[in-house]
>>> print(open('final16.cif').read())   # mmCIF, C-alpha atoms
data_query
loop_
_atom_site.group_PDB
_atom_site.id
_atom_site.type_symbol
_atom_site.label_atom_id
_atom_site.label_comp_id
_atom_site.auth_asym_id
_atom_site.auth_seq_id
_atom_site.Cartn_x
_atom_site.Cartn_y
_atom_site.Cartn_z
ATOM 1 C CA MET A 1 38.173 -32.715 2.704
ATOM 2 C CA ASN A 2 34.811 -34.435 2.378
ATOM 3 C CA GLN A 3 31.678 -32.334 2.292
ATOM 4 C CA PRO A 4 29.599 -32.715 5.493
ATOM 5 C CA PRO A 5 26.395 -34.742 5.373
ATOM 6 C CA SER A 6 23.254 -32.857 4.316
ATOM 7 C CA ARG A 7 21.558 -31.060 7.142
ATOM 8 C CA GLN A 8 17.862 -30.921 8.030
ATOM 9 C CA TYR A 9 15.897 -27.769 8.722
ATOM 10 C CA GLY A 10 12.508 -26.939 10.169
ATOM 11 C CA GLU A 11 10.080 -29.139 12.030
ATOM 12 C CA GLY A 12 9.608 -31.755 9.310
ATOM 13 C CA GLY A 13 13.257 -32.494 8.638
ATOM 14 C CA GLU A 14 13.147 -30.723 5.262
ATOM 15 C CA SER A 15 16.193 -30.196 3.098
ATOM 16 C CA LEU A 16 17.550 -26.664 2.846
ATOM 17 C CA LEU A 17 15.857 -26.182 -0.561
ATOM 18 C CA GLN A 18 12.495 -27.361 0.786
ATOM 19 C CA TYR A 19 12.879 -25.122 3.813
ATOM 20 C CA LEU A 20 13.673 -22.055 1.678
ATOM 21 C CA MET A 21 10.758 -22.778 -0.652
ATOM 22 C CA LYS A 22 8.411 -22.999 2.335
ATOM 23 C CA LYS A 23 9.683 -19.695 3.697
ATOM 24 C CA SER A 24 9.324 -18.102 0.263
ATOM 25 C CA THR A 25 5.706 -19.285 0.100
ATOM 26 C CA GLU A 26 5.038 -17.900 3.568
ATOM 27 C CA ARG A 27 6.432 -14.516 2.496
ATOM 28 C CA LEU A 28 4.239 -14.468 -0.593
ATOM 29 C CA LYS A 29 1.221 -15.249 1.569
ATOM 30 C CA PHE A 30 2.142 -12.331 3.793
ATOM 31 C CA ILE A 31 2.513 -10.038 0.799
ATOM 32 C CA LYS A 32 -0.837 -11.149 -0.539
ATOM 33 C CA SER A 33 -2.422 -10.543 2.862
ATOM 34 C CA MET A 34 -1.235 -6.934 2.536
ATOM 35 C CA ALA A 35 -3.029 -6.565 -0.795
ATOM 36 C CA GLU A 36 -6.230 -4.681 -1.310
ATOM 37 C CA PHE A 37 -8.842 -6.832 -2.975
ATOM 38 C CA GLY A 38 -11.179 -5.853 -5.759
ATOM 39 C CA THR A 39 -14.572 -7.518 -6.003
ATOM 40 C CA THR A 40 -13.496 -10.858 -4.574
ATOM 41 C CA GLU A 41 -13.428 -11.723 -0.904
ATOM 42 C CA SER A 42 -10.195 -12.491 0.919
ATOM 43 C CA GLU A 43 -11.090 -16.158 1.361
ATOM 44 C CA GLU A 44 -11.770 -16.605 -2.349
ATOM 45 C CA SER A 45 -8.473 -15.058 -3.432
ATOM 46 C CA ASN A 46 -6.507 -17.108 -0.921
ATOM 47 C CA SER A 47 -7.907 -20.241 -2.568
ATOM 48 C CA PHE A 48 -5.772 -19.406 -5.611
ATOM 49 C CA LEU A 49 -2.496 -19.608 -3.698
ATOM 50 C CA PRO A 50 -0.363 -22.221 -5.511
ATOM 51 C CA GLN A 51 1.331 -25.065 -3.674
ATOM 52 C CA ASP A 52 4.577 -24.137 -5.399
ATOM 53 C CA VAL A 53 5.489 -20.456 -5.887
ATOM 54 C CA ARG A 54 7.044 -21.308 -9.262
ATOM 55 C CA GLU A 55 3.464 -21.614 -10.561
ATOM 56 C CA TYR A 56 3.342 -17.807 -10.627
ATOM 57 C CA ALA A 57 5.690 -17.867 -13.620
ATOM 58 C CA LYS A 58 3.508 -20.266 -15.652
ATOM 59 C CA LYS A 59 0.894 -19.196 -18.166
ATOM 60 C CA GLU A 60 -1.271 -22.256 -17.420
ATOM 61 C CA TYR A 61 -1.616 -21.208 -13.782
ATOM 62 C CA TRP A 62 -2.890 -17.759 -14.721
ATOM 63 C CA ASP A 63 -5.322 -19.093 -17.336
ATOM 64 C CA ARG A 64 -6.901 -21.362 -14.711
ATOM 65 C CA ARG A 65 -7.000 -18.597 -12.152
ATOM 66 C CA TYR A 66 -8.489 -15.979 -14.475
ATOM 67 C CA GLU A 67 -11.317 -18.343 -15.441
ATOM 68 C CA GLU A 68 -12.592 -18.253 -11.852
ATOM 69 C CA GLU A 69 -11.278 -15.070 -10.253
ATOM 70 C CA ASP A 70 -12.987 -11.793 -11.073
ATOM 71 C CA SER A 71 -10.469 -9.306 -9.727
ATOM 72 C CA PHE A 72 -7.359 -9.113 -7.588
ATOM 73 C CA GLU A 73 -5.134 -6.172 -6.666
ATOM 74 C CA TRP A 74 -1.484 -6.864 -5.944
ATOM 75 C CA PHE A 75 0.321 -4.862 -3.257
ATOM 76 C CA LYS A 76 -1.807 -1.733 -2.767
ATOM 77 C CA GLY A 77 -4.602 -0.083 -4.698
ATOM 78 C CA TYR A 78 -4.375 2.938 -6.992
ATOM 79 C CA ASP A 79 -5.241 5.472 -4.276
ATOM 80 C CA SER A 80 -2.076 4.502 -2.364
ATOM 81 C CA PHE A 81 0.265 5.691 -5.123
ATOM 82 C CA ARG A 82 -1.989 8.015 -7.146
ATOM 83 C CA HIS A 83 0.128 11.014 -6.125
ATOM 84 C CA LEU A 84 3.190 9.406 -7.717
ATOM 85 C CA VAL A 85 1.292 8.603 -10.919
ATOM 86 C CA LEU A 86 0.112 12.215 -11.183
ATOM 87 C CA GLU A 87 3.714 13.406 -10.795
ATOM 88 C CA ASN A 88 4.949 11.234 -13.658
ATOM 89 C CA VAL A 89 2.028 10.701 -16.048
ATOM 90 C CA LYS A 90 -0.094 13.220 -17.949
ATOM 91 C CA LYS A 91 -3.770 12.579 -18.634
ATOM 92 C CA THR A 92 -3.073 12.806 -22.376
ATOM 93 C CA ASP A 93 -0.232 10.244 -22.353
ATOM 94 C CA LYS A 94 -0.477 7.017 -24.311
ATOM 95 C CA ILE A 95 -0.037 4.308 -21.673
ATOM 96 C CA LEU A 96 0.885 0.639 -22.036
ATOM 97 C CA MET A 97 -0.124 -1.571 -19.089
ATOM 98 C CA LEU A 98 2.379 -4.449 -19.113
ATOM 99 C CA GLY A 99 0.870 -7.689 -17.792
ATOM 100 C CA CYS A 100 -2.430 -6.107 -16.767
ATOM 101 C CA GLY A 101 -3.933 -9.255 -15.210
ATOM 102 C CA ASN A 102 -7.353 -8.802 -13.615
ATOM 103 C CA SER A 103 -6.215 -5.851 -11.522
ATOM 104 C CA PRO A 104 -8.619 -2.882 -11.338
ATOM 105 C CA LEU A 105 -5.674 -0.492 -11.830
ATOM 106 C CA SER A 106 -6.391 0.291 -15.499
ATOM 107 C CA ALA A 107 -10.076 0.933 -14.804
ATOM 108 C CA ASP A 108 -9.228 3.106 -11.791
ATOM 109 C CA MET A 109 -6.837 5.198 -13.860
ATOM 110 C CA TYR A 110 -9.358 5.439 -16.689
ATOM 111 C CA ARG A 111 -11.959 6.818 -14.281
ATOM 112 C CA ASP A 112 -9.315 9.267 -13.051
ATOM 113 C CA GLY A 113 -8.981 10.741 -16.538
ATOM 114 C CA PHE A 114 -6.273 8.585 -18.151
ATOM 115 C CA ARG A 115 -8.223 7.582 -21.257
ATOM 116 C CA HIS A 116 -5.497 6.265 -23.579
ATOM 117 C CA ILE A 117 -4.567 2.921 -22.014
ATOM 118 C CA THR A 118 -3.537 -0.216 -23.903
ATOM 119 C CA ASN A 119 -3.572 -3.362 -21.767
ATOM 120 C CA ILE A 120 -1.615 -6.491 -22.631
ATOM 121 C CA ASP A 121 -1.350 -9.897 -20.981
ATOM 122 C CA TYR A 122 -0.153 -13.263 -22.239
ATOM 123 C CA SER A 123 -3.294 -14.969 -20.934
ATOM 124 C CA PRO A 124 -6.099 -15.021 -23.539
ATOM 125 C CA THR A 125 -8.551 -15.812 -20.732
ATOM 126 C CA CYS A 126 -7.569 -12.639 -18.911
ATOM 127 C CA ILE A 127 -7.853 -10.435 -21.994
ATOM 128 C CA ARG A 128 -11.215 -11.901 -23.000
ATOM 129 C CA ARG A 129 -12.771 -11.445 -19.562
ATOM 130 C CA MET A 130 -11.321 -7.978 -18.909
ATOM 131 C CA ALA A 131 -12.380 -6.673 -22.341
ATOM 132 C CA HIS A 132 -15.924 -7.866 -21.646
ATOM 133 C CA LYS A 133 -15.955 -6.477 -18.112
ATOM 134 C CA HIS A 134 -14.807 -3.000 -19.207
ATOM 135 C CA ALA A 135 -16.575 -2.790 -22.556
ATOM 136 C CA ASP A 136 -18.009 0.573 -21.493
ATOM 137 C CA MET A 137 -14.525 2.141 -21.462
ATOM 138 C CA ALA A 138 -14.416 2.822 -25.182
ATOM 139 C CA THR A 139 -10.878 4.207 -25.560
ATOM 140 C CA MET A 140 -9.204 1.450 -23.539
ATOM 141 C CA THR A 141 -7.941 -1.567 -25.501
ATOM 142 C CA TRP A 142 -7.053 -5.142 -24.515
ATOM 143 C CA LEU A 143 -4.528 -7.268 -26.417
ATOM 144 C CA GLU A 144 -3.073 -10.747 -25.922
ATOM 145 C CA MET A 145 0.696 -10.278 -26.091
ATOM 146 C CA ASP A 146 3.961 -11.362 -24.469
ATOM 147 C CA ALA A 147 5.892 -8.665 -22.612
ATOM 148 C CA TRP A 148 9.190 -9.923 -24.018
ATOM 149 C CA GLN A 149 7.967 -9.744 -27.629
ATOM 150 C CA LEU A 150 5.926 -6.594 -28.124
ATOM 151 C CA THR A 151 4.435 -6.025 -31.561
ATOM 152 C CA PHE A 152 4.213 -2.229 -31.300
ATOM 153 C CA SER A 153 6.328 0.140 -33.383
ATOM 154 C CA ASP A 154 9.284 1.979 -31.856
ATOM 155 C CA GLY A 155 8.355 5.009 -29.754
ATOM 156 C CA THR A 156 4.633 4.186 -29.582
ATOM 157 C CA PHE A 157 4.004 5.018 -25.915
ATOM 158 C CA ASP A 158 4.625 7.881 -23.526
ATOM 159 C CA VAL A 159 4.375 5.584 -20.505
ATOM 160 C CA VAL A 160 4.822 1.860 -19.906
ATOM 161 C CA LEU A 161 3.594 0.704 -16.501
ATOM 162 C CA GLU A 162 4.000 -2.671 -14.810
ATOM 163 C CA LYS A 163 2.807 -3.607 -11.331
ATOM 164 C CA GLY A 164 4.050 -6.951 -10.042
ATOM 165 C CA THR A 165 4.572 -8.449 -13.506
ATOM 166 C CA LEU A 166 8.343 -8.811 -13.189
ATOM 167 C CA ASP A 167 7.965 -9.923 -9.581
ATOM 168 C CA ALA A 168 5.787 -12.834 -10.706
ATOM 169 C CA PHE A 169 8.494 -14.051 -13.069
ATOM 170 C CA MET A 170 11.159 -13.868 -10.369
ATOM 171 C CA VAL A 171 9.475 -15.860 -7.597
ATOM 172 C CA ALA A 172 11.497 -18.995 -8.351
ATOM 173 C CA GLU A 173 14.797 -17.253 -7.640
ATOM 174 C CA LYS A 174 16.522 -18.881 -4.672
ATOM 175 C CA SER A 175 18.014 -15.664 -3.306
ATOM 176 C CA PRO A 176 17.243 -11.952 -3.761
ATOM 177 C CA TRP A 177 20.992 -11.291 -3.816
ATOM 178 C CA THR A 178 21.503 -13.161 -7.075
ATOM 179 C CA VAL A 179 19.512 -13.640 -10.264
ATOM 180 C CA SER A 180 19.811 -16.764 -12.394
ATOM 181 C CA ALA A 181 21.119 -16.364 -15.928
ATOM 182 C CA GLU A 182 17.748 -17.458 -17.332
ATOM 183 C CA THR A 183 15.761 -14.894 -15.327
ATOM 184 C CA ALA A 184 18.297 -12.143 -16.010
ATOM 185 C CA GLN A 185 18.039 -12.801 -19.750
ATOM 186 C CA PHE A 186 14.245 -12.796 -19.650
ATOM 187 C CA CYS A 187 14.145 -9.496 -17.748
ATOM 188 C CA HIS A 188 16.715 -7.995 -20.116
ATOM 189 C CA GLN A 189 14.571 -8.944 -23.121
ATOM 190 C CA VAL A 190 11.473 -7.394 -21.531
ATOM 191 C CA LEU A 191 13.310 -4.187 -20.586
ATOM 192 C CA GLN A 192 14.803 -3.859 -24.064
ATOM 193 C CA GLU A 193 11.304 -4.096 -25.526
ATOM 194 C CA VAL A 194 9.984 -1.547 -23.022
ATOM 195 C CA SER A 195 12.778 0.869 -23.916
ATOM 196 C CA ARG A 196 12.125 0.358 -27.630
ATOM 197 C CA VAL A 197 8.415 1.204 -27.513
ATOM 198 C CA LEU A 198 8.934 4.291 -25.326
ATOM 199 C CA CYS A 199 9.100 7.628 -27.087
ATOM 200 C CA PRO A 200 11.967 10.060 -26.263
ATOM 201 C CA GLY A 201 11.286 11.401 -22.782
ATOM 202 C CA GLY A 202 8.847 8.564 -22.095
ATOM 203 C CA ARG A 203 8.687 6.919 -18.671
ATOM 204 C CA PHE A 204 8.763 3.295 -17.635
ATOM 205 C CA ILE A 205 7.085 2.861 -14.242
ATOM 206 C CA SER A 206 7.662 -0.320 -12.272
ATOM 207 C CA ILE A 207 5.759 -0.931 -9.029
ATOM 208 C CA SER A 208 7.221 -3.663 -6.864
ATOM 209 C CA PHE A 209 7.806 -4.973 -3.364
ATOM 210 C CA ALA A 210 11.486 -5.498 -4.315
ATOM 211 C CA GLN A 211 13.799 -3.117 -2.477
ATOM 212 C CA PRO A 212 16.164 -0.844 -4.460
ATOM 213 C CA HIS A 213 19.351 -2.796 -3.676
ATOM 214 C CA PHE A 214 17.709 -5.843 -5.316
ATOM 215 C CA ARG A 215 15.766 -4.215 -8.165
ATOM 216 C CA THR A 216 17.777 -1.149 -9.241
ATOM 217 C CA PRO A 217 20.612 -3.310 -10.679
ATOM 218 C CA LEU A 218 18.136 -4.840 -13.152
ATOM 219 C CA TYR A 219 17.145 -1.408 -14.437
ATOM 220 C CA ALA A 220 20.554 0.301 -14.267
ATOM 221 C CA ASN A 221 21.872 -0.637 -17.692
ATOM 222 C CA ASP A 222 23.058 2.019 -20.145
ATOM 223 C CA VAL A 223 21.756 -0.016 -23.075
ATOM 224 C CA TYR A 224 18.185 0.923 -22.098
ATOM 225 C CA GLY A 225 18.990 4.626 -22.409
ATOM 226 C CA TRP A 226 17.165 5.805 -19.289
ATOM 227 C CA SER A 227 17.647 7.174 -15.807
ATOM 228 C CA VAL A 228 16.390 5.439 -12.659
ATOM 229 C CA GLN A 229 14.539 7.123 -9.803
ATOM 230 C CA THR A 230 13.000 5.427 -6.765
ATOM 231 C CA ASP A 231 10.064 6.456 -4.590
ATOM 232 C CA LYS A 232 8.212 4.423 -1.988
ATOM 233 C CA PHE A 233 4.688 4.258 -0.607
ATOM 234 C CA GLY A 234 2.811 2.317 2.036
ATOM 235 C CA ASP A 235 2.674 2.428 5.796
ATOM 236 C CA CYS A 236 4.145 -0.394 7.878
ATOM 237 C CA PHE A 237 5.135 -2.310 4.736
ATOM 238 C CA HIS A 238 6.752 -0.252 1.977
ATOM 239 C CA PHE A 239 6.343 -0.781 -1.742
ATOM 240 C CA PHE A 240 8.548 0.826 -4.370
ATOM 241 C CA PHE A 241 7.726 3.016 -7.349
ATOM 242 C CA TYR A 242 10.580 2.992 -9.885
ATOM 243 C CA THR A 243 10.561 5.591 -12.661
ATOM 244 C CA MET A 244 12.876 5.204 -15.656
ATOM 245 C CA GLU A 245 12.946 8.198 -18.031
ATOM 246 C CA ARG A 246 13.966 7.546 -21.631
ATOM 247 C CA GLY A 247 16.837 9.803 -22.596
ATOM 248 C CA GLY A 248 18.054 10.203 -19.023
ATOM 249 C CA THR A 249 21.377 8.928 -17.719
ATOM 250 C CA LEU A 250 22.365 6.672 -14.857
ATOM 251 C CA THR A 251 24.532 7.810 -11.993
ATOM 252 C CA GLN A 252 27.929 6.191 -11.580
ATOM 253 C CA GLN A 253 26.752 4.836 -8.238
ATOM 254 C CA GLN A 254 23.891 3.011 -9.988
ATOM 255 C CA ARG A 255 26.288 1.578 -12.574
ATOM 256 C CA ASP A 256 28.629 0.379 -9.837
ATOM 257 C CA GLN A 257 25.712 -1.139 -7.921
ATOM 258 C CA ALA A 258 24.600 -3.069 -11.000
ATOM 259 C CA HIS A 259 28.127 -4.300 -11.672
ATOM 260 C CA ARG A 260 28.536 -5.597 -8.103
ATOM 261 C CA PHE A 261 25.148 -7.289 -8.271
ATOM 262 C CA PHE A 262 25.855 -9.199 -11.479
ATOM 263 C CA HIS A 263 29.586 -9.676 -10.858
ATOM 264 C CA PRO A 264 29.922 -10.426 -7.141
ATOM 265 C CA PRO A 265 33.402 -11.115 -5.761
ATOM 266 C CA ALA A 266 34.398 -14.739 -5.654
ATOM 267 C CA VAL A 267 33.758 -16.424 -2.324
ATOM 268 C CA GLU A 268 35.927 -19.275 -1.145
ATOM 269 C CA HIS A 269 33.758 -22.073 0.223
ATOM 270 C CA VAL A 270 35.065 -23.708 3.375
ATOM 271 C CA TYR A 271 33.514 -26.981 4.477
ATOM 272 C CA LEU A 272 33.366 -28.034 8.093
ATOM 273 C CA SER A 273 34.482 -31.486 9.105
ATOM 274 C CA ASP A 274 31.878 -33.918 10.354
ATOM 275 C CA SER A 275 33.018 -33.403 13.925
ATOM 276 C CA ASP A 276 32.576 -29.643 13.650
ATOM 277 C CA HIS A 277 29.241 -29.802 11.858
ATOM 278 C CA ASP A 278 27.224 -29.874 15.073
ATOM 279 C CA GLU A 279 28.600 -26.406 15.910
ATOM 280 C CA ASP A 280 30.409 -27.651 19.050
ATOM 281 C CA PHE A 281 33.468 -25.866 17.697
ATOM 282 C CA LEU A 282 31.837 -22.562 18.770
ATOM 283 C CA ARG A 283 32.154 -23.579 22.403
ATOM 284 C CA ARG A 284 35.850 -24.275 21.975
ATOM 285 C CA ILE A 285 36.744 -20.781 20.774
ATOM 286 C CA ASP A 286 38.654 -18.917 23.468
ATOM 287 C CA VAL A 287 37.517 -15.295 23.511
ATOM 288 C CA SER A 288 38.640 -14.465 27.051
ATOM 289 C CA PRO A 289 40.811 -11.365 27.661
ATOM 290 C CA SER A 290 43.746 -13.580 28.535
ATOM 291 C CA SER A 291 43.650 -15.394 25.210
ATOM 292 C CA SER A 292 47.259 -15.864 24.151
ATOM 293 C CA HIS A 293 46.668 -14.818 20.535
ATOM 294 C CA LEU A 294 45.986 -11.203 21.548
ATOM 295 C CA SER A 295 48.702 -8.673 22.203
ATOM 296 C CA ASN A 296 48.479 -6.441 25.275
ATOM 297 C CA SER A 297 47.100 -3.604 23.168
ATOM 298 C CA GLU A 298 44.413 -5.904 21.754
ATOM 299 C CA LYS A 299 43.130 -7.314 25.065
ATOM 300 C CA LEU A 300 39.334 -7.264 25.159
ATOM 301 C CA PRO A 301 37.400 -5.892 28.141
ATOM 302 C CA THR A 302 35.557 -8.447 30.220
ATOM 303 C CA SER A 303 32.220 -6.858 29.368
ATOM 304 C CA THR A 304 31.309 -5.567 25.891
ATOM 305 C CA MET A 305 28.489 -5.871 23.378
ATOM 306 C CA THR A 306 25.490 -4.701 25.431
ATOM 307 C CA GLY A 307 27.250 -5.571 28.690
ATOM 308 C CA ALA A 308 27.386 -9.350 28.227
ATOM 309 C CA SER A 309 30.488 -10.956 29.714
ATOM 310 C CA LEU A 310 32.793 -12.610 27.201
ATOM 311 C CA THR A 311 34.182 -15.046 29.747
ATOM 312 C CA THR A 312 32.681 -18.478 29.973
ATOM 313 C CA SER A 313 31.385 -20.084 33.107
#
>>> encode(input="final16.cif", output="structure tokens")
Amino acid sequence: MNQPPSRQYGEGGESLLQYLMKKSTERLKFIKSMAEFGTTESEESNSFLPQDVREYAKKEYWDRRYEEEDSFEWFKGYDSFRHLVLENVKKTDKILMLGCGNSPLSADMYRDGFRHITNIDYSPTCIRRMAHKHADMATMTWLEMDAWQLTFSDGTFDVVLEKGTLDAFMVAEKSPWTVSAETAQFCHQVLQEVSRVLCPGGRFISISFAQPHFRTPLYANDVYGWSVQTDKFGDCFHFFFYTMERGGTLTQQQRDQAHRFFHPPAVEHVYLSDSDHDEDFLRRIDVSPSSSHLSNSEKLPTSTMTGASLTTS
């Protein structure tokens, strides 16, 4: 059977891909509107919104942005999840901030007594400007480095913390229910490096807007040698605080969840004929109680589903 002609969505007659991209951009704008800003004003930060969300995964975009933007805080500020940090991080811990950006998080934690923080980002512009801005914080260091290729020795850190870094590299994904092979491989490389540089008993903390049924499968891999715990914070819009402890073990439920996520059951695709494509076929479905395909024991009541009659006028 021939595949039906391509359909148009939205007000401008966009293709499905264009429509989904627009909706994805709108969601990112909403998420950014929920953020707490540092020294910049809301209008200034909104001027950095890219036309295409895939720009968030490009180094060139961030270099340009960091040249002009002084500070920006993704999701919520430190005070919103400080209680979770204090539960999982000691003031004496050696901390690696993965993809630090120009967020004030490292400086906020430093002022709160966490004095052993190493910040890395793959943007030299970011590292140069942040090192200059926080030159007074003597025991905090800033290094240009890729998260997927860390140059630290094994077991260097007690804590590795990322806030929105992995999210930025996943914005081009077409659906939260699936992850492309390329993105999955990139995340796997990053997580292997994180696991490697953690000391025994060390914690990897990931702060994200991604819900557990989308994000836990990425972390629930026995090869990383850690357990996975989830907490949340925020008011009307929740954010998630994932804690992976090196040396811990996954639950079988988490393993099963990861397997289903990366190995979904095969779905048989059924194409509608051209004549059915306008959804007129819905009107031709007989769902009345007297429908001949139902046995007497299967007859439906005339009013179900919030009291709406199933008979047609």
>>> atom_distance(input="final16.cif", atom1="atom CA of A:Ser153", atom2="atom CA of A:Leu250")
25.4 Å
>>> resolve_selection(input="final16.cif", expression="the PyMOL selection byres ((chain A and resi 126) around 12)", output="PyMOL selection string")
chain A and resi 59-72+99-103+119-125+127-133+142-145
>>> resolve_selection(input="final16.cif", expression="the PyMOL selection byres ((chain A and resi 108-115) around 8)", output="PyMOL selection string")
chain A and resi 78+90-93+104-107+116-117+137+139-140
>>> atom_distance(input="final16.cif", atom1="atom CA of A:Thr249", atom2="atom CA of A:Ile207")
20.4 Å
>>> closest_residue(input="final16.cif", among="A:Thr183, A:Val171, A:Val194, A:Ala266", to="A:Thr151", atoms="only C-alpha atoms")
A:Val194
>>> resolve_selection(input="final16.cif", expression="the PyMOL selection byres ((chain A and resi 187) around 10)", output="list of chain:residue names")
A:Ala147, A:Trp148, A:Leu166, A:Phe169, A:Met170, A:Ala181, A:Glu182, A:Thr183, A:Ala184, A:Gln185, A:Phe186, A:His188, A:Gln189, A:Val190, A:Leu191, A:Gln192, A:Glu193, A:Leu218, A:Tyr219
